[in-house]
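J.: Provided below: work12.txt, containing compact mmCIF, C-alpha atoms.
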```
# COMPACT_ATOMS: atom_id res chain seq x y z
CA MET A 1 0.00 0.00 0.00
CA LYS A 2 2.62 2.49 1.07
CA HIS A 3 4.79 1.51 -1.81
CA LEU A 4 2.06 2.21 -4.35
CA ILE A 5 1.36 5.67 -2.97
CA HIS A 6 4.97 6.61 -3.65
CA THR A 7 4.60 5.63 -7.26
CA LEU A 8 1.83 8.24 -7.74
CA ASN A 9 3.00 10.93 -10.13
CA LYS A 10 4.08 14.04 -8.24
CA ALA A 11 3.02 16.26 -11.12
CA PHE A 12 -0.59 15.33 -10.39
CA ASP A 13 -0.35 15.96 -6.64
CA ASN A 14 -2.20 19.19 -7.08
CA ARG A 15 -5.95 19.38 -7.71
CA VAL A 16 -5.66 22.12 -10.31
CA ARG A 17 -3.05 20.23 -12.33
CA LEU A 18 -5.10 17.07 -12.11
CA GLY A 19 -8.14 19.05 -13.28
CA VAL A 20 -6.26 20.57 -16.23
CA MET A 21 -5.14 17.11 -17.35
CA ALA A 22 -8.68 15.74 -16.96
CA VAL A 23 -10.08 18.48 -19.21
CA LEU A 24 -7.32 17.91 -21.78
CA MET A 25 -7.97 14.16 -21.78
CA ALA A 26 -11.66 14.71 -22.54
CA ASN A 27 -11.13 17.42 -25.18
CA GLU A 28 -8.50 17.46 -27.94
CA VAL A 29 -7.74 21.17 -28.00
CA VAL A 30 -8.82 23.63 -25.32
CA SER A 31 -8.34 27.39 -25.09
CA PHE A 32 -7.21 29.19 -21.95
CA THR A 33 -10.70 30.62 -21.42
CA GLU A 34 -12.35 27.22 -21.82
CA LEU A 35 -9.96 25.72 -19.27
CA LYS A 36 -10.69 28.57 -16.88
CA GLU A 37 -14.46 28.12 -17.29
CA ALA A 38 -14.29 24.34 -16.90
CA LEU A 39 -12.26 24.50 -13.69
CA ASP A 40 -13.63 27.78 -12.32
CA LEU A 41 -10.19 29.32 -11.71
CA THR A 42 -8.54 32.72 -11.83
CA ASP A 43 -6.09 33.59 -14.63
CA GLY A 44 -3.00 33.63 -12.42
CA ASN A 45 -3.77 30.40 -10.63
CA LEU A 46 -4.41 28.51 -13.85
CA ALA A 47 -1.41 30.01 -15.68
CA SER A 48 1.12 28.89 -13.06
CA HIS A 49 -0.18 25.32 -12.98
CA VAL A 50 -0.38 25.03 -16.75
CA ALA A 51 3.20 26.32 -16.92
CA ALA A 52 4.28 23.58 -14.51
CA LEU A 53 2.60 20.93 -16.68
CA GLU A 54 4.16 22.43 -19.80
CA LYS A 55 7.59 22.27 -18.14
CA ALA A 56 7.01 18.61 -17.29
CA GLY A 57 6.30 18.02 -20.99
CA TYR A 58 2.72 16.89 -20.35
CA VAL A 59 0.97 19.78 -22.05
CA SER A 60 1.74 21.33 -25.40
CA VAL A 61 0.90 24.97 -25.93
CA SER A 62 0.20 26.71 -29.21
CA LYS A 63 -0.12 30.46 -29.55
CA GLN A 64 -1.95 32.03 -32.45
CA PHE A 65 -3.61 35.29 -33.20
CA VAL A 66 -7.28 35.57 -34.01
CA GLY A 67 -7.28 38.99 -35.64
CA LYS A 68 -5.34 41.04 -33.12
CA LYS A 69 -6.34 38.93 -30.12
CA PRO A 70 -3.86 36.34 -28.90
CA ASN A 71 -5.43 32.91 -28.64
CA THR A 72 -3.55 30.29 -26.67
CA THR A 73 -4.68 26.69 -26.92
CA TYR A 74 -3.55 23.68 -24.96
CA SER A 75 -3.55 19.97 -25.59
CA ALA A 76 -2.19 16.96 -23.73
CA SER A 77 1.10 15.66 -25.14
CA LYS A 78 1.65 11.97 -25.74
CA GLU A 79 3.76 11.75 -22.56
CA GLY A 80 1.06 13.63 -20.67
CA LYS A 81 -1.64 11.21 -21.79
CA THR A 82 0.47 8.18 -20.85
CA ALA A 83 1.40 9.68 -17.48
CA PHE A 84 -2.21 10.54 -16.72
CA GLN A 85 -3.42 7.06 -17.63
CA GLU A 86 -0.72 5.53 -15.43
CA HIS A 87 -1.82 7.84 -12.63
CA LEU A 88 -5.42 6.65 -13.05
CA ALA A 89 -4.33 3.02 -13.08
CA THR A 90 -2.38 3.53 -9.84
CA LEU A 91 -5.37 5.21 -8.22
CA GLU A 92 -7.54 2.27 -9.20
CA LYS A 93 -5.00 -0.18 -7.82
CA LEU A 94 -4.95 1.77 -4.55
CA LEU A 95 -8.72 1.53 -4.39
CA ARG A 96 -8.69 -2.22 -4.83
CA GLY A 97 -6.10 -2.28 -2.02
CA MET B 1 -0.45 22.19 -1.65
CA ALA B 2 1.01 18.68 -1.58
CA GLN B 3 -1.25 15.89 -0.44
CA PRO B 4 0.84 13.27 1.35
CA THR B 5 -2.03 10.74 1.53
CA PRO B 6 -4.28 11.23 -1.48
CA ASP B 7 -7.75 9.77 -1.31
CA PRO B 8 -7.88 7.72 -4.51
CA LEU B 9 -11.67 7.48 -4.60
CA ALA B 10 -12.16 11.22 -4.21
CA GLN B 11 -9.55 11.88 -6.90
CA LEU B 12 -11.10 9.46 -9.36
CA THR B 13 -14.59 10.84 -8.73
CA GLU B 14 -13.40 14.37 -9.29
CA ILE B 15 -11.49 13.50 -12.46
CA ARG B 16 -14.58 11.79 -13.82
CA ALA B 17 -16.77 14.77 -12.99
CA ILE B 18 -14.36 17.25 -14.60
CA MET B 19 -14.03 15.18 -17.77
CA GLU B 20 -17.81 14.88 -18.01
CA ARG B 21 -18.47 18.54 -17.28
CA SER B 22 -15.82 19.82 -19.67
CA SER B 23 -16.85 17.71 -22.64
CA ARG B 24 -20.64 17.65 -22.39
CA PHE B 25 -23.27 20.33 -22.14
CA ILE B 26 -25.41 18.82 -19.39
CA SER B 27 -27.78 21.68 -18.60
CA LEU B 28 -30.18 20.67 -21.35
CA SER B 29 -33.53 20.24 -19.62
CA GLY B 30 -36.04 17.49 -20.37
CA LEU B 31 -38.81 20.06 -20.06
CA ALA B 32 -37.22 21.90 -22.99
CA GLY B 33 -37.94 18.81 -25.09
CA VAL B 34 -41.52 18.52 -23.82
CA GLY B 35 -42.17 22.22 -24.54
CA ALA B 36 -40.65 22.07 -28.03
CA GLY B 37 -42.68 18.92 -28.77
CA LEU B 38 -45.95 20.60 -27.76
CA VAL B 39 -45.12 23.59 -29.98
CA ALA B 40 -44.44 21.23 -32.91
CA LEU B 41 -47.75 19.42 -32.32
CA ALA B 42 -49.61 22.73 -32.27
CA GLY B 43 -47.81 23.75 -35.47
CA ALA B 44 -48.70 20.48 -37.21
CA GLY B 45 -52.33 20.92 -36.11
CA PHE B 46 -52.42 24.46 -37.45
CA GLY B 47 -50.84 23.34 -40.74
CA HIS B 48 -53.41 20.56 -41.03
CA TRP B 49 -56.27 23.00 -40.42
CA TYR B 50 -54.92 25.51 -42.97
CA LEU B 51 -54.33 22.92 -45.71
CA ASN B 52 -57.80 21.47 -45.17
CA ARG B 53 -59.28 24.90 -45.74
CA LEU B 54 -57.13 25.40 -48.83
CA TYR B 55 -57.81 21.94 -50.29
CA PRO B 56 -61.16 20.72 -48.95
CA TYR B 57 -61.27 16.92 -48.50
CA ALA B 58 -57.65 16.49 -49.68
CA GLY B 59 -55.71 18.59 -47.14
CA TYR B 60 -52.01 17.66 -47.13
CA LEU B 61 -52.57 15.36 -50.15
CA GLY B 62 -53.80 18.41 -52.07
CA LEU B 63 -50.47 20.10 -51.47
CA LEU B 64 -48.64 17.02 -52.80
CA GLU B 65 -50.44 17.35 -56.13
CA SER B 66 -50.39 21.13 -56.44
CA SER B 67 -48.97 22.99 -59.42
CA ALA B 68 -45.72 24.96 -59.32
CA ALA B 69 -47.64 28.27 -59.14
CA GLU B 70 -49.81 27.00 -56.27
CA ARG B 71 -46.76 25.80 -54.39
CA ARG B 72 -45.13 29.20 -54.70
CA ALA B 73 -48.33 30.79 -53.41
CA VAL B 74 -48.44 28.54 -50.32
CA LEU B 75 -44.68 28.85 -49.66
CA PRO B 76 -44.87 32.07 -47.57
CA PHE B 77 -47.42 30.43 -45.24
CA LEU B 78 -45.32 27.28 -44.87
CA LEU B 79 -42.12 29.25 -44.27
CA LEU B 80 -43.84 31.45 -41.70
CA LEU B 81 -45.31 28.41 -39.98
CA ALA B 82 -41.94 26.64 -39.91
CA ALA B 83 -40.13 29.76 -38.68
CA GLY B 84 -42.84 30.29 -36.06
CA ILE B 85 -42.49 26.72 -34.78
CA VAL B 86 -38.69 26.99 -34.65
CA VAL B 87 -38.67 30.38 -32.88
CA VAL B 88 -41.32 29.50 -30.28
CA ALA B 89 -39.80 26.04 -29.68
CA LEU B 90 -36.33 27.57 -29.26
CA LEU B 91 -37.67 30.18 -26.82
CA VAL B 92 -39.41 27.51 -24.73
CA ALA B 93 -36.36 25.21 -24.82
CA THR B 94 -34.00 28.07 -23.92
CA PHE B 95 -36.20 29.11 -21.00
CA PHE B 96 -36.09 25.65 -19.38
CA THR B 97 -32.40 25.13 -20.13
CA VAL B 98 -31.40 28.51 -18.68
CA ARG B 99 -33.47 27.71 -15.61
CA ARG B 100 -31.74 24.39 -15.13
CA ALA B 101 -28.24 25.84 -15.71
CA ARG B 102 -28.94 28.56 -13.11
CA ARG B 103 -30.17 26.03 -10.57
CA ASN B 104 -27.04 23.93 -11.02
CA GLY B 105 -24.79 26.99 -11.08
CA GLN B 106 -23.40 26.11 -14.52
CA PRO B 107 -22.42 28.58 -17.21
CA LEU B 108 -24.83 28.54 -20.13
CA TRP B 109 -23.01 30.29 -22.93
CA SER B 110 -19.77 28.37 -22.40
CA ALA B 111 -17.42 27.24 -25.14
CA LEU B 112 -19.25 23.93 -24.94
CA GLY B 113 -22.68 25.50 -25.42
CA ARG B 114 -21.32 27.35 -28.47
CA ARG B 115 -19.86 24.14 -29.90
CA LEU B 116 -23.19 22.38 -29.39
CA ALA B 117 -25.08 25.19 -31.12
CA VAL B 118 -22.71 25.21 -34.11
CA SER B 119 -22.78 21.44 -34.56
CA LEU B 120 -26.59 21.56 -34.55
CA ALA B 121 -26.89 24.60 -36.79
CA ILE B 122 -24.74 23.46 -39.74
CA PRO B 123 -26.79 20.37 -40.71
CA LEU B 124 -30.05 22.10 -39.78
CA VAL B 125 -29.56 25.21 -41.91
CA SER B 126 -28.26 23.30 -44.93
CA GLY B 127 -31.11 20.77 -44.54
CA GLY B 128 -33.68 23.53 -44.30
CA LEU B 129 -32.45 25.16 -47.51
CA PHE B 130 -32.43 21.77 -49.25
CA CYS B 131 -36.04 21.13 -48.19
CA ILE B 132 -37.15 24.49 -49.61
CA ALA B 133 -35.49 23.49 -52.90
CA LEU B 134 -37.25 20.10 -52.82
CA TYR B 135 -40.59 21.83 -52.27
CA LEU B 136 -40.17 24.35 -55.08
CA ASP B 137 -38.97 21.61 -57.37
CA GLY B 138 -42.17 19.63 -56.84
CA ALA B 139 -40.88 16.85 -54.60
CA VAL B 140 -43.33 17.93 -51.88
CA ALA B 141 -43.70 14.40 -50.50
CA LEU B 142 -39.98 14.36 -49.69
CA VAL B 143 -40.02 17.58 -47.66
CA VAL B 144 -41.12 16.13 -44.30
CA PRO B 145 -38.87 13.03 -44.62
CA GLY B 146 -36.01 15.42 -45.52
CA MET B 147 -36.70 17.61 -42.49
CA LEU B 148 -36.76 14.57 -40.21
CA LEU B 149 -33.57 13.10 -41.70
CA PHE B 150 -31.59 16.35 -41.51
CA TYR B 151 -32.85 17.08 -37.99
CA GLY B 152 -31.97 13.55 -36.87
CA LEU B 153 -28.48 13.88 -38.35
CA ALA B 154 -28.06 17.28 -36.68
CA LEU B 155 -28.98 15.75 -33.32
CA LEU B 156 -26.63 12.84 -33.90
CA ASN B 157 -23.86 15.29 -34.78
CA ALA B 158 -24.49 17.45 -31.69
CA SER B 159 -24.96 14.51 -29.33
CA LYS B 160 -21.23 14.10 -28.75
CA TYR B 161 -21.33 17.38 -26.81
CA THR B 162 -24.39 16.66 -24.70
CA LEU B 163 -26.51 14.04 -22.97
CA ASP B 164 -26.65 10.55 -24.47
CA GLU B 165 -30.43 10.67 -24.89
CA ILE B 166 -29.96 13.20 -27.69
CA ARG B 167 -28.16 10.53 -29.71
CA TRP B 168 -31.13 8.20 -29.29
CA LEU B 169 -33.60 10.95 -30.17
CA GLY B 170 -31.51 11.59 -33.30
CA LEU B 171 -31.56 7.93 -34.32
CA THR B 172 -35.32 7.71 -33.67
CA VAL B 173 -35.97 10.79 -35.82
CA ILE B 174 -33.75 9.40 -38.62
CA GLY B 175 -35.73 6.12 -38.49
CA LEU B 176 -39.03 8.01 -38.70
CA GLY B 177 -37.68 10.03 -41.63
CA LEU B 178 -36.81 6.86 -43.52
CA VAL B 179 -40.25 5.33 -42.89
CA ALA B 180 -41.95 8.62 -43.85
CA MET B 181 -40.05 8.50 -47.14
CA LEU B 182 -41.81 5.20 -47.94
CA ILE B 183 -45.30 6.45 -47.00
CA PRO B 184 -45.59 9.77 -48.84
CA GLY B 185 -49.22 10.55 -47.99
CA LEU B 186 -48.68 10.73 -44.24
CA GLY B 187 -46.12 13.55 -44.08
CA LEU B 188 -47.98 15.68 -41.55
CA LEU B 189 -48.55 12.69 -39.30
CA PHE B 190 -44.85 11.82 -39.35
CA PHE B 191 -44.03 15.48 -38.69
CA ALA B 192 -46.21 15.31 -35.57
CA LEU B 193 -44.68 11.96 -34.57
CA GLY B 194 -41.05 13.00 -34.99
CA PHE B 195 -41.00 16.64 -33.94
CA GLY B 196 -43.94 16.40 -31.51
CA LEU B 197 -44.09 13.03 -29.79
CA GLY B 198 -40.36 12.32 -30.23
CA HIS B 199 -39.39 15.45 -28.30
CA ILE B 200 -42.07 14.91 -25.67
CA GLY B 201 -41.11 11.25 -25.14
CA TYR B 202 -37.37 11.83 -24.81
CA GLY B 203 -37.98 15.03 -22.83
CA LEU B 204 -40.01 13.14 -20.23
CA LEU B 205 -37.38 10.41 -20.14
CA MET B 206 -34.60 12.96 -19.50
CA TYR B 207 -36.69 14.82 -16.94
CA ASN B 208 -37.36 11.62 -15.01
CA ARG B 209 -33.75 10.57 -15.17
CA TYR B 210 -31.92 13.76 -14.21
CA GLU B 211 -34.25 16.36 -12.80
CA ARG B 212 -36.51 14.67 -10.26
```
Would you put the structure from the file into structure tokens?
T.:
Amino acid sequence: MKHLIHTLNKAFDNRVRLGVMAVLMANEVVSFTELKEALDLTDGNLASHVAALEKAGYVSVSKQFVGKKPNTTYSASKEGKTAFQEHLATLEKLLRG
Amino acid sequence: MAQPTPDPLAQLTEIRAIMERSSRFISLSGLAGVGAGLVALAGAGFGHWYLNRLYPYAGYLGLLESSAAERRAVLPFLLLLAAGIVVVALLVATFFTVRRARRNGQPLWSALGRRLAVSLAIPLVSGGLFCIALYLDGAVALVVPGMLLFYGLALLNASKYTLDEIRWLGLTVIGLGLVAMLIPGLGLLFFALGFGLGHIGYGLLMYNRYER
């Protein structure tokens, strides 16, 4: 039991980061605003956690301009998807005890 | 911020809820379906009454055999009737859906709501234009089956962003459209079945399942 808990991915320790990954697993491409709406967060809070996930290589970011407005979209990277699925599998194992 | 002993069940439940909430528009109310269905039934009844006055004894069948000039003369009435049904049904459906979203504290005009609206609108608008062309071209018997088929496909297309019942309503409406295609004389009846009873039936089902 104890051993399994230590295998849980540290990147998903935080509720916000876990939430961001959950949204990106359910939707291919998500804008910053959509993420904010889905998780009911403030700009700053979300930005710092997304940056952490980006640094870990779990989230890929693409910045475009729609007219003159910057539009940033996020999607889960291949590593991010694998890591998240492993995290889910570990959680399930923990549940079964 | 770190959680030394994470509760796996709570985490899994939350992940599930977030994935569901972020990919599906769940504020759609069953009562919206019931209301829209009643409006469609009233519209079909009014259409029936009008056509019976226009073509005594024949009614809808009279329209099927009308000349091109007659069809053009009736077109404004039919377009107004259709637009009236759509506008009133949308108002009723929006009212109940806004009410439900407010009660659950969910945003209504979210990115998801927009995506749902667009995925419904594209097949619906193109189907509507196609049905007007069918009508003017003389294929009057194919208009109601066409409306049902395009509406069913629109629902099927939009169902990936909302409750699963919408997919079943879409498939039901497509089935009715195909049957209506084989029985050309009963267009108005199939209109009432698909747009009226279909909405009411699935609306009641959704209401019972999620809102009681």
J.: Compile a residue-level contact table for chain B against chain A at a cut-off of 12 Å, reporting for every qualifying residue the shortest atom pair and its distance in Å to one decimal, with all atoms listed in the file counted, rows ordered by chain and ascending number, as a tab-separated table.
T.:
```
residue	atom	partner	partner_atom	distance
B:Met1	CA	A:Asn14	CA	6.4
B:Ala2	CA	A:Asp13	CA	5.9
B:Gln3	CA	A:Asp13	CA	6.3
B:Pro4	CA	A:Asp13	CA	8.5
B:Thr5	CA	A:Ile5	CA	7.6
B:Pro6	CA	A:Asp13	CA	8.0
B:Asp7	CA	A:Leu91	CA	8.6
B:Pro8	CA	A:Leu91	CA	5.1
B:Leu9	CA	A:Leu95	CA	6.6
B:Ala10	CA	A:Leu91	CA	9.9
B:Gln11	CA	A:Leu91	CA	8.0
B:Leu12	CA	A:Leu91	CA	7.2
B:Thr13	CA	A:Leu91	CA	10.8
B:Glu14	CA	A:Gly19	CA	8.1
B:Ile15	CA	A:Ala22	CA	5.8
B:Arg16	CA	A:Ala22	CA	7.8
B:Ala17	CA	A:Ala22	CA	9.1
B:Ile18	CA	A:Ala22	CA	6.3
B:Met19	CA	A:Val23	CA	5.3
B:Glu20	CA	A:Ala26	CA	7.6
B:Arg21	CA	A:Ala38	CA	7.2
B:Ser22	CA	A:Ala38	CA	5.5
B:Ser23	CA	A:Ala26	CA	6.0
B:Arg24	CA	A:Ala26	CA	9.5
B:Phe25	CA	A:Ala38	CA	11.1
B:Gly105	CA	A:Asp40	CA	11.3
B:Gln106	CA	A:Glu37	CA	9.6
B:Pro107	CA	A:Glu37	CA	8.0
B:Leu108	CA	A:Glu37	CA	10.8
B:Trp109	CA	A:Glu37	CA	10.5
B:Ser110	CA	A:Glu37	CA	7.4
B:Ala111	CA	A:Glu34	CA	6.1
B:Leu112	CA	A:Glu34	CA	8.3
B:Gly113	CA	A:Glu34	CA	11.1
B:Arg114	CA	A:Glu34	CA	11.2
B:Arg115	CA	A:Glu34	CA	11.5
B:Lys160	CA	A:Asn27	CA	11.2
B:Tyr161	CA	A:Asn27	CA	10.3
```
J.: Just the number, please: distance in Å from atom CA of Val173 of chain B to atom CA of Gly194 of chain B, one decimal.
T.: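 For atom CA of Val173 of chain B relative to atom CA of Gly194 of chain B, the distance reads 5.6 Å.
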J.: So that I can see what lies close to Gly35 of chain B, please list as a VMD selection string the residues with an atom at most 9 Å from it, counting all atoms listed in the file and leaving out residues fewer than 3 positions away in the same chain.
T.: chain B and resid 30 to 32 38 to 40 89 92 to 93 96 199 to 200 203
J.: For Ser77 of chain A, work out the shell of residues within 9 Å, counting only C-alpha atoms and skipping chain neighbours fewer than 5 positions away, then give it as a PyMOL selection string.
T.: chain A and resi 57-60+82
J.: Need the axis-aligned box for segment 180-186 of chain B with 6 Å each side, so what are the centre and edges in Å to one decimal, as JSON?
T.:
```
{"center_x": -44.6, "center_y": 8.0, "center_z": -46.3, "size_x": 21.2, "size_y": 17.5, "size_z": 17.0}
```
J.: Quick one: distance from atom CA of Leu46 of chain A to atom CA of Arg99 of chain B in Å, one decimal?
T.: 29.1 Å
J.: What separation in Å, quoted to one decimal, exists between atom CA of Val140 of chain B and atom CA of Ser159 of chain B?
T.: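 Value for the atom CA of Val140 of chain B-atom CA of Ser159 of chain B distance: 29.3 Å.
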J.: If we count all atoms listed in the file and set the cut-off at 12 Å, which residues sit around Ala73 of chain B, ignoring sequence neighbours fewer than 5 positions away in its own chain? Please answer as a compact mmCIF listing (two decimals) with C-alpha atoms, keeping the file's coordinate frame.
T.:
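Result file follows (around-v7.txt):
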```txt
# COMPACT_ATOMS: atom_id res chain seq x y z
CA LEU B 54 -57.13 25.40 -48.83
CA LEU B 63 -50.47 20.10 -51.47
CA SER B 66 -50.39 21.13 -56.44
CA SER B 67 -48.97 22.99 -59.42
CA ALA B 68 -45.72 24.96 -59.32
CA LEU B 78 -45.32 27.28 -44.87
CA LEU B 79 -42.12 29.25 -44.27
CA TYR B 135 -40.59 21.83 -52.27
CA LEU B 136 -40.17 24.35 -55.08
```
J.: Please list as a ChimeraX atom specification every residue within 7 Å of Val61 of chain A, counting all atoms listed in the file and excluding residues in the same chain fewer than 3 positions away.
T.: /A:72-75
J.: What lies within 12 Å of Ala121 of chain B using all atoms listed in the file, ignoring chain neighbours under 4 positions off, as number ranges by chain?
T.: B: 114-117, 125-128, 150-151, 153-155, 157-158
J.: Up to 8 Å from (-51.4, 17.8, -45.9) in the file's coordinates: name the residues, counting all atoms listed in the file, as a short mmCIF file (atom, residue, chain, number, x, y, z; two decimals) with C-alpha atoms, in the coordinates of the input.
T.:
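Just written: result-v7.cif:
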```cif
data_model
loop_
_atom_site.label_atom_id
_atom_site.label_comp_id
_atom_site.auth_asym_id
_atom_site.auth_seq_id
_atom_site.Cartn_x
_atom_site.Cartn_y
_atom_site.Cartn_z
CA GLY B 47 -50.84 23.34 -40.74
CA HIS B 48 -53.41 20.56 -41.03
CA LEU B 51 -54.33 22.92 -45.71
CA ASN B 52 -57.80 21.47 -45.17
CA ALA B 58 -57.65 16.49 -49.68
CA GLY B 59 -55.71 18.59 -47.14
CA TYR B 60 -52.01 17.66 -47.13
CA LEU B 61 -52.57 15.36 -50.15
CA GLY B 62 -53.80 18.41 -52.07
CA LEU B 63 -50.47 20.10 -51.47
CA LEU B 64 -48.64 17.02 -52.80
CA GLY B 185 -49.22 10.55 -47.99
CA LEU B 186 -48.68 10.73 -44.24
CA GLY B 187 -46.12 13.55 -44.08
CA LEU B 188 -47.98 15.68 -41.55
#
```
J.: At most 10 Å from (-46.1, 13.5, -36.5), file frame, all atoms listed in the file: which residues, as a PyMOL selection string?
T.: chain B and resi 40-41+44-45+144+176+180+186-198
J.: Starting from the incomplete input, reconstruct N, CA, C and O atoms of segment 16-33 of chain B and report them as a short mmCIF file (atom, residue, chain, number, x, y, z; two decimals), in the coordinates of the input.
T.:
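Final file, selection10.cif:
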```cif
data_model
loop_
_atom_site.label_atom_id
_atom_site.label_comp_id
_atom_site.auth_asym_id
_atom_site.auth_seq_id
_atom_site.Cartn_x
_atom_site.Cartn_y
_atom_site.Cartn_z
N ARG B 16 -13.44 12.20 -13.01
CA ARG B 16 -14.58 11.79 -13.82
C ARG B 16 -15.54 12.95 -14.03
O ARG B 16 -16.00 13.21 -15.14
N ALA B 17 -15.83 13.65 -12.92
CA ALA B 17 -16.77 14.77 -12.99
C ALA B 17 -16.25 15.87 -13.89
O ALA B 17 -16.98 16.43 -14.71
N ILE B 18 -14.94 16.17 -13.78
CA ILE B 18 -14.36 17.25 -14.60
C ILE B 18 -14.39 16.86 -16.08
O ILE B 18 -14.74 17.67 -16.94
N MET B 19 -14.04 15.60 -16.37
CA MET B 19 -14.03 15.18 -17.77
C MET B 19 -15.44 15.27 -18.36
O MET B 19 -15.62 15.72 -19.49
N GLU B 20 -16.42 14.84 -17.58
CA GLU B 20 -17.81 14.88 -18.01
C GLU B 20 -18.27 16.31 -18.24
O GLU B 20 -18.80 16.67 -19.29
N ARG B 21 -17.99 17.17 -17.24
CA ARG B 21 -18.47 18.54 -17.28
C ARG B 21 -17.81 19.33 -18.41
O ARG B 21 -18.42 20.21 -19.01
N SER B 22 -16.53 19.01 -18.68
CA SER B 22 -15.82 19.82 -19.67
C SER B 22 -16.09 19.37 -21.09
O SER B 22 -15.79 20.08 -22.03
N SER B 23 -16.67 18.17 -21.27
CA SER B 23 -16.85 17.71 -22.64
C SER B 23 -18.32 17.60 -23.03
O SER B 23 -18.65 17.36 -24.17
N ARG B 24 -19.23 17.77 -22.05
CA ARG B 24 -20.64 17.65 -22.39
C ARG B 24 -21.44 18.79 -21.80
O ARG B 24 -21.24 19.17 -20.66
N PHE B 25 -22.38 19.28 -22.59
CA PHE B 25 -23.27 20.33 -22.14
C PHE B 25 -24.45 19.64 -21.46
O PHE B 25 -25.31 19.06 -22.12
N ILE B 26 -24.43 19.67 -20.09
CA ILE B 26 -25.41 18.82 -19.39
C ILE B 26 -26.59 19.61 -18.83
O ILE B 26 -27.43 19.04 -18.15
N SER B 27 -26.67 20.90 -19.16
CA SER B 27 -27.78 21.68 -18.60
C SER B 27 -29.07 21.54 -19.39
O SER B 27 -30.09 22.06 -18.97
N LEU B 28 -28.99 20.86 -20.52
CA LEU B 28 -30.18 20.67 -21.35
C LEU B 28 -31.29 20.06 -20.50
O LEU B 28 -31.11 19.03 -19.87
N SER B 29 -32.46 20.72 -20.49
CA SER B 29 -33.53 20.24 -19.62
C SER B 29 -34.51 19.37 -20.40
O SER B 29 -34.80 19.61 -21.56
N GLY B 30 -35.03 18.33 -19.75
CA GLY B 30 -36.04 17.49 -20.37
C GLY B 30 -37.30 18.27 -20.70
O GLY B 30 -37.96 18.03 -21.71
N LEU B 31 -37.61 19.25 -19.83
CA LEU B 31 -38.81 20.06 -20.06
C LEU B 31 -38.69 20.87 -21.34
O LEU B 31 -39.68 21.19 -21.99
N ALA B 32 -37.44 21.20 -21.72
CA ALA B 32 -37.22 21.90 -22.99
C ALA B 32 -37.75 21.04 -24.14
O ALA B 32 -38.42 21.53 -25.05
N GLY B 33 -37.47 19.73 -24.07
CA GLY B 33 -37.94 18.81 -25.09
C GLY B 33 -39.46 18.72 -25.11
O GLY B 33 -40.09 18.78 -26.17
#
```
